[in-house]
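Asks: My questions will all concern the structure given below.
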2 protein chains.
Amino acid sequence: MPKLGMEPIRRAALVKATIAEIGAAGTLDVTVGKIARRAGMSTALAHHYFGGKDQILLAAMRHILVMFADEARGRIAAAKTPAARLDAIICASFAPSNFSEDVIAAWLNFYVLAQSSEEALRLLTVYRRRLQSNLTHALRPLAGEAAAQKADLIGALIDGVYLRQALRSDAMGGAAAVAMLRGAAEDMLAPIKIAAPEWSQDAAQNAQDASQTAPLTAPRKDPRP
Amino acid sequence: MPKLGMEPIRRAALVKATIAEIGAAGTLDVTVGKIARRAGMSTALAHHYFGGKDQILLAAMRHILVMFADEARGRIAAAKTPAARLDAIICASFAPSNFSEDVIAAWLNFYVLAQSSEEALRLLTVYRRRLQSNLTHALRPLAGEAAAQKADLIGALIDGVYLRQALRSDAMGGAAAVAMLRGAAEDMLAPIKIAAPEWSQDAAQNAQDASQTAPLTAPRKDPRP
DNA sequence: TTTTATTGATTGACGAGTCAATCAATGAAC
DNA sequence: GTTCATTGATTGACTCGTCAATCAATAAAA
């Protein structure tokens with residue numbers, strides 16, 4: 001059984017299991033034993049590779065943050081116009097890799113963790129700054145002076161929509177969330193009259209990647225059940 | 001020492017202490033012992049009055065929800081115009097009673113609790129529905145058909161801005177949050193051209209109550225009693 | 001005396017972290 | 001091509017602390 005080079009494999013398995021376990025429990029109050037068992041190893045091995053529960057949790061958090069960063073970077077790089085960049089950021093936030101049930105639960109819990117863990121707060125701050133920076137950059141040509149302010153707004157709105165997913169009752173798919181965000185961005189930018197004509201074209205291109213768990217109906221403008 | 005009619009007093013003290021303890025710890029992982037000690041009694045007494053930890057937590061949550069409902073009801077009742085009602089809801093969300101450090105931390109934690117507690121989810125759903133209903137009602141004369149959709153947006157935005165307060169790094173006061181929401185609402189309503197002229201007047205009246213300044217920068221550490 | 005208020009002590013369970021001990025590949029020496 | 005020392009991989013069992021919940025007992029009203 002024991003082959004060499006197990007460490008990265010074990011670490012990845014533990015991170016994955018941690019996110020799954022958090023999603024299943026809805027809490028950070030998961031035992032190392034459960035995580036390890038789900039990852040197919042003993043608790044001692046988990047400790048061997050990570051040193052402690054905190055490190056496991058933080059590694060899971062880092063993983064989620066990196067996944068989001070990758071998603072966003074790729075989509076932004078592929079966008080040609082400011083409007084497309086804005087849309088790319090919105091779509092990245094609700095792309096499947098960042099929008100599964102487990103990841104949403106984990107994300108919410110990491111917000112809580114940031115209140116008692118210096119390192120978690122640091123990581124979350126990095127994420128927030130990057131989002132803000134990306135949004136501001138995309139909005140500069142569209143909103144000029146007001147770019148930073150609008151970026152703040154859209155950032156908060158993304159967080160808010162995302163947060164509401166934690167409550168399964170009024171759950172909507174990623175596509176619906178994206179549609180909502182797009183509508184808000186349009187409203188916000190409409191008075192400025194610089195809304196790019198190719199907007200809908202970019203939107204159509206991004207939309208196919210952002211659909212999640214197959215909403216049987218086409219994404220509606222009005223997300224009211 | 002033993003006087004009669006202690007029950008309501010003890011319960012209130014425990015609820016208050018629970019919120020404070022959650023705020024201090026940043027977690028729902030607070031011990032009954034700590035809560036009871038902060039409330040000036042023994043753990044056994046806390047169990048006597050509440051039956052268990054879950055009940056204490058839910059009572060604290062209910063208390064916060066009721067506080068918010070009272071705040072909102074009062075402000076909405078005092079508002080004369082649709083725009084003023086909208087502003088009243090916004091202000092209520094960031095009024096001191098709902099926007100202190102402890103309450104923000106508790107609120108965030110209750111979102112997490114709702115993922116594993118049926119009753120917590122139920123309570124949160126009630127809050128969400130009421131907020132949605134209030135917003136829709138206020139927006140109907142301003143946005144007509146789109147009222148429900150706009151209400152969803154503003155509701156999500158309120159949650160998002162509120163959520164960001166959990167991270168103290170980029171903390172802003174309640175007044176700043178309200179200003180941000182007002183700006184967003186104006187942007188959103190501007191194209192519809194029904195924005196009431198007395199808006200700024202109502203805003204000025206509401207603003208004084210909603211200012212709150214408690215910016216922190218570091219996560220909290222366990223206080224040693 | 002009955003009821004309400006109150007607590008210190010106790011219990012039972014659970015979980016994080018540690019440790020000493022195995023297991024199995026690898027590769028060098030013969 | 002055996003032998004064997006080395007080292008990473010892996011675990012079961014154990015320690016130690018914590019915490020929710022319970023209980024038996026005491027004190028003061030009514």
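By order of appearance in the structure tokens: chains A, B, ..., then residues from 1 within every chain, and ligands from 1 in the order shown.
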What's the 10 Å shell around DT11 in chain C, counting only C-alpha atoms (C1' of nucleotides), without same-chain residues fewer than 5 positions away, as a list in words?

Replies: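 So the residues in contact are DA21, DT22 and DC23 of chain D.
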
Asks: With C-alpha atoms (C1' of nucleotides) retained, write the just-selected residues as a CSV table (one decimal), in the first residue's frame.

Replies:
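Listed below is the output, out_14.csv:
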```csv
chain,number,residue,atom,x,y,z
D,21,DA,C1',-26.8,17.6,31.3
D,22,DT,C1',-28.4,15.7,35.8
D,23,DC,C1',-28.9,15.3,40.7
```

Asks: Please give the root-mean-square deviation of the Cα atoms once chain B has been least-squares fitted onto chain A, pairing every Cα in order.

Replies: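 It comes to 5.9 Å after superposition.
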
Asks: If we count only C-alpha atoms (C1' of nucleotides), which residues of chain C reach to within 10 Å of chain B? Please list them as number ranges by chain.

Replies: C: 4-8

Asks: Could you please take those selected residues and save C-alpha atoms (C1' of nucleotides) as a CSV table (one decimal), in the first residue's frame?

Replies:
```csv
chain,number,residue,atom,x,y,z
C,4,DT,C1',-39.8,28.2,43.8
C,5,DA,C1',-35.0,29.5,43.4
C,6,DT,C1',-30.5,28.1,43.5
C,7,DT,C1',-26.1,25.7,43.4
C,8,DG,C1',-21.9,22.5,43.9
```

Asks: Within 8 Å of chain B, which residues of chain D show up when using only C-alpha atoms (C1' of nucleotides), listed as a ChimeraX atom specification?

Replies: /D:19-21,27-29

Asks: Output the contact residues of chain B with respect to chain A at a cut-off of 9 Å, based on only C-alpha atoms, as a PDB file with N, CA and C atoms, in the first residue's frame.

Replies:
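Written output follows (selection.pdb):
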```
ATOM      1  N   ALA B  25     -16.953  35.660  21.261  1.00  0.00           N
ATOM      2  CA  ALA B  25     -16.269  34.478  20.740  1.00  0.00           C
ATOM      3  C   ALA B  25     -16.263  34.470  19.208  1.00  0.00           C
ATOM      4  N   GLY B  26     -17.242  35.114  18.609  1.00  0.00           N
ATOM      5  CA  GLY B  26     -17.353  35.077  17.161  1.00  0.00           C
ATOM      6  C   GLY B  26     -17.891  33.740  16.664  1.00  0.00           C
ATOM      7  N   THR B  27     -18.400  32.957  17.558  1.00  0.00           N
ATOM      8  CA  THR B  27     -18.808  31.582  17.231  1.00  0.00           C
ATOM      9  C   THR B  27     -20.053  31.219  18.021  1.00  0.00           C
ATOM     10  N   ASP B  29     -19.977  28.422  19.243  1.00  0.00           N
ATOM     11  CA  ASP B  29     -19.334  27.457  20.123  1.00  0.00           C
ATOM     12  C   ASP B  29     -19.023  28.084  21.471  1.00  0.00           C
ATOM     13  N   ALA B 105     -22.384  39.821  14.776  1.00  0.00           N
ATOM     14  CA  ALA B 105     -21.744  38.506  14.905  1.00  0.00           C
ATOM     15  C   ALA B 105     -22.796  37.423  15.123  1.00  0.00           C
ATOM     16  N   LEU B 108     -24.821  36.683  11.907  1.00  0.00           N
ATOM     17  CA  LEU B 108     -24.048  35.857  10.982  1.00  0.00           C
ATOM     18  C   LEU B 108     -24.032  34.401  11.439  1.00  0.00           C
ATOM     19  N   ASN B 109     -23.855  34.206  12.718  1.00  0.00           N
ATOM     20  CA  ASN B 109     -23.819  32.853  13.234  1.00  0.00           C
ATOM     21  C   ASN B 109     -25.171  32.163  13.111  1.00  0.00           C
ATOM     22  N   TYR B 111     -27.206  32.530  10.678  1.00  0.00           N
ATOM     23  CA  TYR B 111     -27.275  32.022   9.311  1.00  0.00           C
ATOM     24  C   TYR B 111     -26.649  30.631   9.241  1.00  0.00           C
ATOM     25  N   VAL B 112     -25.531  30.495   9.929  1.00  0.00           N
ATOM     26  CA  VAL B 112     -24.879  29.184   9.934  1.00  0.00           C
ATOM     27  C   VAL B 112     -25.743  28.163  10.661  1.00  0.00           C
ATOM     28  N   LEU B 113     -26.296  28.572  11.779  1.00  0.00           N
ATOM     29  CA  LEU B 113     -27.125  27.661  12.551  1.00  0.00           C
ATOM     30  C   LEU B 113     -28.313  27.172  11.734  1.00  0.00           C
ATOM     31  N   ALA B 114     -28.808  28.036  10.870  1.00  0.00           N
ATOM     32  CA  ALA B 114     -29.985  27.675  10.069  1.00  0.00           C
ATOM     33  C   ALA B 114     -29.699  26.507   9.137  1.00  0.00           C
ATOM     34  N   GLN B 115     -28.439  26.211   8.941  1.00  0.00           N
ATOM     35  CA  GLN B 115     -28.105  25.094   8.063  1.00  0.00           C
ATOM     36  C   GLN B 115     -28.236  23.749   8.759  1.00  0.00           C
ATOM     37  N   SER B 116     -28.293  23.773  10.067  1.00  0.00           N
ATOM     38  CA  SER B 116     -28.380  22.502  10.775  1.00  0.00           C
ATOM     39  C   SER B 116     -29.556  22.466  11.747  1.00  0.00           C
ATOM     40  N   LEU B 121     -33.849  27.811  10.816  1.00  0.00           N
ATOM     41  CA  LEU B 121     -34.181  28.091   9.414  1.00  0.00           C
ATOM     42  C   LEU B 121     -35.570  28.694   9.306  1.00  0.00           C
ATOM     43  N   LEU B 124     -35.482  32.329  10.399  1.00  0.00           N
ATOM     44  CA  LEU B 124     -34.832  33.163   9.403  1.00  0.00           C
ATOM     45  C   LEU B 124     -35.716  33.356   8.179  1.00  0.00           C
ATOM     46  N   THR B 125     -36.463  32.322   7.842  1.00  0.00           N
ATOM     47  CA  THR B 125     -37.361  32.423   6.698  1.00  0.00           C
ATOM     48  C   THR B 125     -38.468  33.431   6.971  1.00  0.00           C
ATOM     49  N   ALA B 146     -42.242  45.788 -11.458  1.00  0.00           N
ATOM     50  CA  ALA B 146     -40.903  45.317 -11.091  1.00  0.00           C
ATOM     51  C   ALA B 146     -40.657  45.343  -9.586  1.00  0.00           C
ATOM     52  N   ALA B 148     -41.450  43.477  -6.981  1.00  0.00           N
ATOM     53  CA  ALA B 148     -40.964  42.256  -6.327  1.00  0.00           C
ATOM     54  C   ALA B 148     -39.498  41.993  -6.672  1.00  0.00           C
ATOM     55  N   GLN B 149     -39.194  42.197  -7.933  1.00  0.00           N
ATOM     56  CA  GLN B 149     -37.821  41.952  -8.369  1.00  0.00           C
ATOM     57  C   GLN B 149     -36.854  42.934  -7.705  1.00  0.00           C
ATOM     58  N   LYS B 150     -37.245  44.201  -7.685  1.00  0.00           N
ATOM     59  CA  LYS B 150     -36.404  45.218  -7.046  1.00  0.00           C
ATOM     60  C   LYS B 150     -36.261  44.932  -5.551  1.00  0.00           C
ATOM     61  N   ASP B 152     -36.269  42.076  -4.144  1.00  0.00           N
ATOM     62  CA  ASP B 152     -35.289  41.007  -4.015  1.00  0.00           C
ATOM     63  C   ASP B 152     -33.880  41.570  -4.052  1.00  0.00           C
ATOM     64  N   LEU B 153     -33.678  42.444  -4.974  1.00  0.00           N
ATOM     65  CA  LEU B 153     -32.360  43.036  -5.151  1.00  0.00           C
ATOM     66  C   LEU B 153     -31.935  43.818  -3.914  1.00  0.00           C
ATOM     67  N   ILE B 154     -32.810  44.699  -3.465  1.00  0.00           N
ATOM     68  CA  ILE B 154     -32.461  45.517  -2.306  1.00  0.00           C
ATOM     69  C   ILE B 154     -32.288  44.636  -1.071  1.00  0.00           C
ATOM     70  N   GLY B 155     -33.128  43.630  -0.951  1.00  0.00           N
ATOM     71  CA  GLY B 155     -32.978  42.708   0.172  1.00  0.00           C
ATOM     72  C   GLY B 155     -31.622  42.027   0.160  1.00  0.00           C
ATOM     73  N   ALA B 156     -31.237  41.545  -1.002  1.00  0.00           N
ATOM     74  CA  ALA B 156     -29.930  40.895  -1.106  1.00  0.00           C
ATOM     75  C   ALA B 156     -28.815  41.881  -0.806  1.00  0.00           C
ATOM     76  N   LEU B 157     -29.001  43.095  -1.254  1.00  0.00           N
ATOM     77  CA  LEU B 157     -27.972  44.105  -1.030  1.00  0.00           C
ATOM     78  C   LEU B 157     -27.847  44.438   0.452  1.00  0.00           C
ATOM     79  N   ILE B 158     -28.975  44.518   1.122  1.00  0.00           N
ATOM     80  CA  ILE B 158     -28.933  44.761   2.564  1.00  0.00           C
ATOM     81  C   ILE B 158     -28.158  43.633   3.243  1.00  0.00           C
ATOM     82  N   ASP B 159     -28.496  42.407   2.878  1.00  0.00           N
ATOM     83  CA  ASP B 159     -27.780  41.274   3.464  1.00  0.00           C
ATOM     84  C   ASP B 159     -26.285  41.354   3.168  1.00  0.00           C
ATOM     85  N   GLY B 160     -25.957  41.699   1.926  1.00  0.00           N
ATOM     86  CA  GLY B 160     -24.553  41.747   1.537  1.00  0.00           C
ATOM     87  C   GLY B 160     -23.778  42.802   2.299  1.00  0.00           C
ATOM     88  N   VAL B 161     -24.345  43.984   2.386  1.00  0.00           N
ATOM     89  CA  VAL B 161     -23.664  45.052   3.119  1.00  0.00           C
ATOM     90  C   VAL B 161     -23.544  44.679   4.589  1.00  0.00           C
ATOM     91  N   TYR B 162     -24.616  44.103   5.088  1.00  0.00           N
ATOM     92  CA  TYR B 162     -24.600  43.673   6.491  1.00  0.00           C
ATOM     93  C   TYR B 162     -23.512  42.629   6.714  1.00  0.00           C
ATOM     94  N   LEU B 163     -23.472  41.690   5.803  1.00  0.00           N
ATOM     95  CA  LEU B 163     -22.489  40.608   5.923  1.00  0.00           C
ATOM     96  C   LEU B 163     -21.073  41.146   5.979  1.00  0.00           C
ATOM     97  N   ARG B 164     -20.823  42.146   5.176  1.00  0.00           N
ATOM     98  CA  ARG B 164     -19.462  42.676   5.112  1.00  0.00           C
ATOM     99  C   ARG B 164     -19.029  43.316   6.417  1.00  0.00           C
ATOM    100  N   ALA B 166     -19.234  41.904   9.129  1.00  0.00           N
ATOM    101  CA  ALA B 166     -18.629  40.855   9.941  1.00  0.00           C
ATOM    102  C   ALA B 166     -17.109  40.898   9.819  1.00  0.00           C
ATOM    103  N   LEU B 167     -16.643  41.404   8.709  1.00  0.00           N
ATOM    104  CA  LEU B 167     -15.192  41.571   8.556  1.00  0.00           C
ATOM    105  C   LEU B 167     -14.822  42.998   8.913  1.00  0.00           C
ATOM    106  N   ARG B 168     -14.104  43.117   9.993  1.00  0.00           N
ATOM    107  CA  ARG B 168     -13.853  44.447  10.529  1.00  0.00           C
ATOM    108  C   ARG B 168     -12.848  45.259   9.731  1.00  0.00           C
ATOM    109  N   SER B 169     -12.119  44.595   8.858  1.00  0.00           N
ATOM    110  CA  SER B 169     -11.042  45.303   8.161  1.00  0.00           C
ATOM    111  C   SER B 169     -11.560  46.557   7.468  1.00  0.00           C
ATOM    112  N   ASP B 170     -12.568  46.348   6.621  1.00  0.00           N
ATOM    113  CA  ASP B 170     -13.070  47.504   5.879  1.00  0.00           C
ATOM    114  C   ASP B 170     -14.386  47.990   6.481  1.00  0.00           C
ATOM    115  N   MET B 180     -24.898  54.034   1.315  1.00  0.00           N
ATOM    116  CA  MET B 180     -24.639  53.149   0.182  1.00  0.00           C
ATOM    117  C   MET B 180     -25.953  52.579  -0.348  1.00  0.00           C
ATOM    118  N   LEU B 181     -26.771  52.109   0.561  1.00  0.00           N
ATOM    119  CA  LEU B 181     -28.047  51.531   0.137  1.00  0.00           C
ATOM    120  C   LEU B 181     -28.915  52.571  -0.545  1.00  0.00           C
ATOM    121  N   ALA B 184     -27.811  53.119  -4.036  1.00  0.00           N
ATOM    122  CA  ALA B 184     -28.208  52.006  -4.897  1.00  0.00           C
ATOM    123  C   ALA B 184     -29.689  52.106  -5.246  1.00  0.00           C
ATOM    124  N   ASP B 187     -30.226  54.804  -7.827  1.00  0.00           N
ATOM    125  CA  ASP B 187     -29.811  54.323  -9.147  1.00  0.00           C
ATOM    126  C   ASP B 187     -30.875  53.415  -9.735  1.00  0.00           C
ATOM    127  N   MET B 188     -31.360  52.560  -8.863  1.00  0.00           N
ATOM    128  CA  MET B 188     -32.287  51.543  -9.337  1.00  0.00           C
ATOM    129  C   MET B 188     -33.621  52.155  -9.749  1.00  0.00           C
ATOM    130  N   LEU B 189     -34.022  53.190  -9.031  1.00  0.00           N
ATOM    131  CA  LEU B 189     -35.324  53.790  -9.282  1.00  0.00           C
ATOM    132  C   LEU B 189     -35.254  54.941 -10.289  1.00  0.00           C
ATOM    133  N   ALA B 190     -34.078  55.442 -10.500  1.00  0.00           N
ATOM    134  CA  ALA B 190     -33.928  56.623 -11.355  1.00  0.00           C
ATOM    135  C   ALA B 190     -34.597  56.452 -12.726  1.00  0.00           C
ATOM    136  N   PRO B 191     -34.357  55.331 -13.415  1.00  0.00           N
ATOM    137  CA  PRO B 191     -34.940  55.198 -14.756  1.00  0.00           C
ATOM    138  C   PRO B 191     -36.448  55.225 -14.747  1.00  0.00           C
ATOM    139  N   ALA B 218      -9.133  43.909  14.354  1.00  0.00           N
ATOM    140  CA  ALA B 218      -8.593  42.570  14.621  1.00  0.00           C
ATOM    141  C   ALA B 218      -9.689  41.638  15.085  1.00  0.00           C
ATOM    142  N   PRO B 219      -9.533  40.361  14.803  1.00  0.00           N
ATOM    143  CA  PRO B 219     -10.500  39.397  15.316  1.00  0.00           C
ATOM    144  C   PRO B 219     -10.443  39.370  16.831  1.00  0.00           C
ATOM    145  N   ARG B 220     -11.554  38.981  17.373  1.00  0.00           N
ATOM    146  CA  ARG B 220     -11.599  38.988  18.835  1.00  0.00           C
ATOM    147  C   ARG B 220     -10.929  37.755  19.404  1.00  0.00           C
ATOM    148  N   LYS B 221     -10.379  37.927  20.560  1.00  0.00           N
ATOM    149  CA  LYS B 221      -9.799  36.773  21.235  1.00  0.00           C
ATOM    150  C   LYS B 221     -10.618  36.503  22.483  1.00  0.00           C
ATOM    151  N   ASP B 222     -10.504  35.295  22.962  1.00  0.00           N
ATOM    152  CA  ASP B 222     -11.313  34.927  24.117  1.00  0.00           C
ATOM    153  C   ASP B 222     -10.949  35.798  25.311  1.00  0.00           C
TER     154      ASP B 222
END
```

Asks: Using only C-alpha atoms, which of A:Ala69, A:Gln165, A:Tyr127, A:Leu14 sits nearest Ser97 in chain A?

Replies: A:Ala69

Asks: In Å to one decimal, how far is CA of Ala13 in chain A from C1' of DT10 in chain D?

Replies: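 Answer for the C1' of DT10 in chain D to CA of Ala13 in chain A separation: 15.5 Å.
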
Asks: Can you pull out every residue within 8 Å of Leu139 in chain A, counting only C-alpha atoms (C1' of nucleotides), but drop anything in the same chain fewer than 5 positions away, and send it as an mmCIF file with N, CA and C atoms, in the first residue's frame?

Replies:
```cif
data_model
loop_
_atom_site.group_PDB
_atom_site.id
_atom_site.type_symbol
_atom_site.label_atom_id
_atom_site.label_comp_id
_atom_site.auth_asym_id
_atom_site.auth_seq_id
_atom_site.Cartn_x
_atom_site.Cartn_y
_atom_site.Cartn_z
ATOM 1 N N PRO A 82 -14.816 45.971 -21.485
ATOM 2 C CA PRO A 82 -15.118 46.225 -20.067
ATOM 3 C C PRO A 82 -16.401 45.544 -19.632
ATOM 4 N N ALA A 83 -17.441 45.662 -20.435
ATOM 5 C CA ALA A 83 -18.714 45.044 -20.073
ATOM 6 C C ALA A 83 -18.560 43.529 -19.957
ATOM 7 N N LEU A 86 -16.835 42.725 -16.656
ATOM 8 C CA LEU A 86 -17.787 42.783 -15.542
ATOM 9 C C LEU A 86 -18.633 41.524 -15.511
ATOM 10 N N GLY A 144 -16.431 55.539 -14.860
ATOM 11 C CA GLY A 144 -15.492 56.627 -14.587
ATOM 12 C C GLY A 144 -15.220 56.827 -13.113
ATOM 13 N N ALA A 147 -16.508 54.438 -10.386
ATOM 14 C CA ALA A 147 -16.194 53.017 -10.536
ATOM 15 C C ALA A 147 -16.006 52.321 -9.188
ATOM 16 N N ALA A 148 -15.206 52.915 -8.322
ATOM 17 C CA ALA A 148 -14.920 52.270 -7.038
ATOM 18 C C ALA A 148 -16.198 52.094 -6.229
ATOM 19 N N LYS A 150 -19.303 51.959 -7.382
ATOM 20 C CA LYS A 150 -20.152 50.946 -8.003
ATOM 21 C C LYS A 150 -19.590 49.546 -7.740
ATOM 22 N N ALA A 151 -18.289 49.452 -7.742
ATOM 23 C CA ALA A 151 -17.663 48.159 -7.475
ATOM 24 C C ALA A 151 -18.031 47.664 -6.088
#
```

Asks: Rounded to one decimal, what separation in Å do you get between CA of His63 in chain A and CA of Gly40 in chain A?

Replies: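 Between CA of His63 in chain A and CA of Gly40 in chain A the gap works out to 19.5 Å.
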
Asks: Please, what distance in Å, to one decimal, runs between C1' of DC14 in chain C and C1' of DT15 in chain D?

Replies: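 A separation of 13.6 Å between them.
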
Asks: DSSP on the backbone, then: every residue of range 24-141 of chain A marked helix (DSSP H, G or I), written as an NGL selection string.

Replies: :A and (24-25 or 32-38 or 43-50 or 53-78 or 82-93 or 96-99 or 101-113 or 118-141)
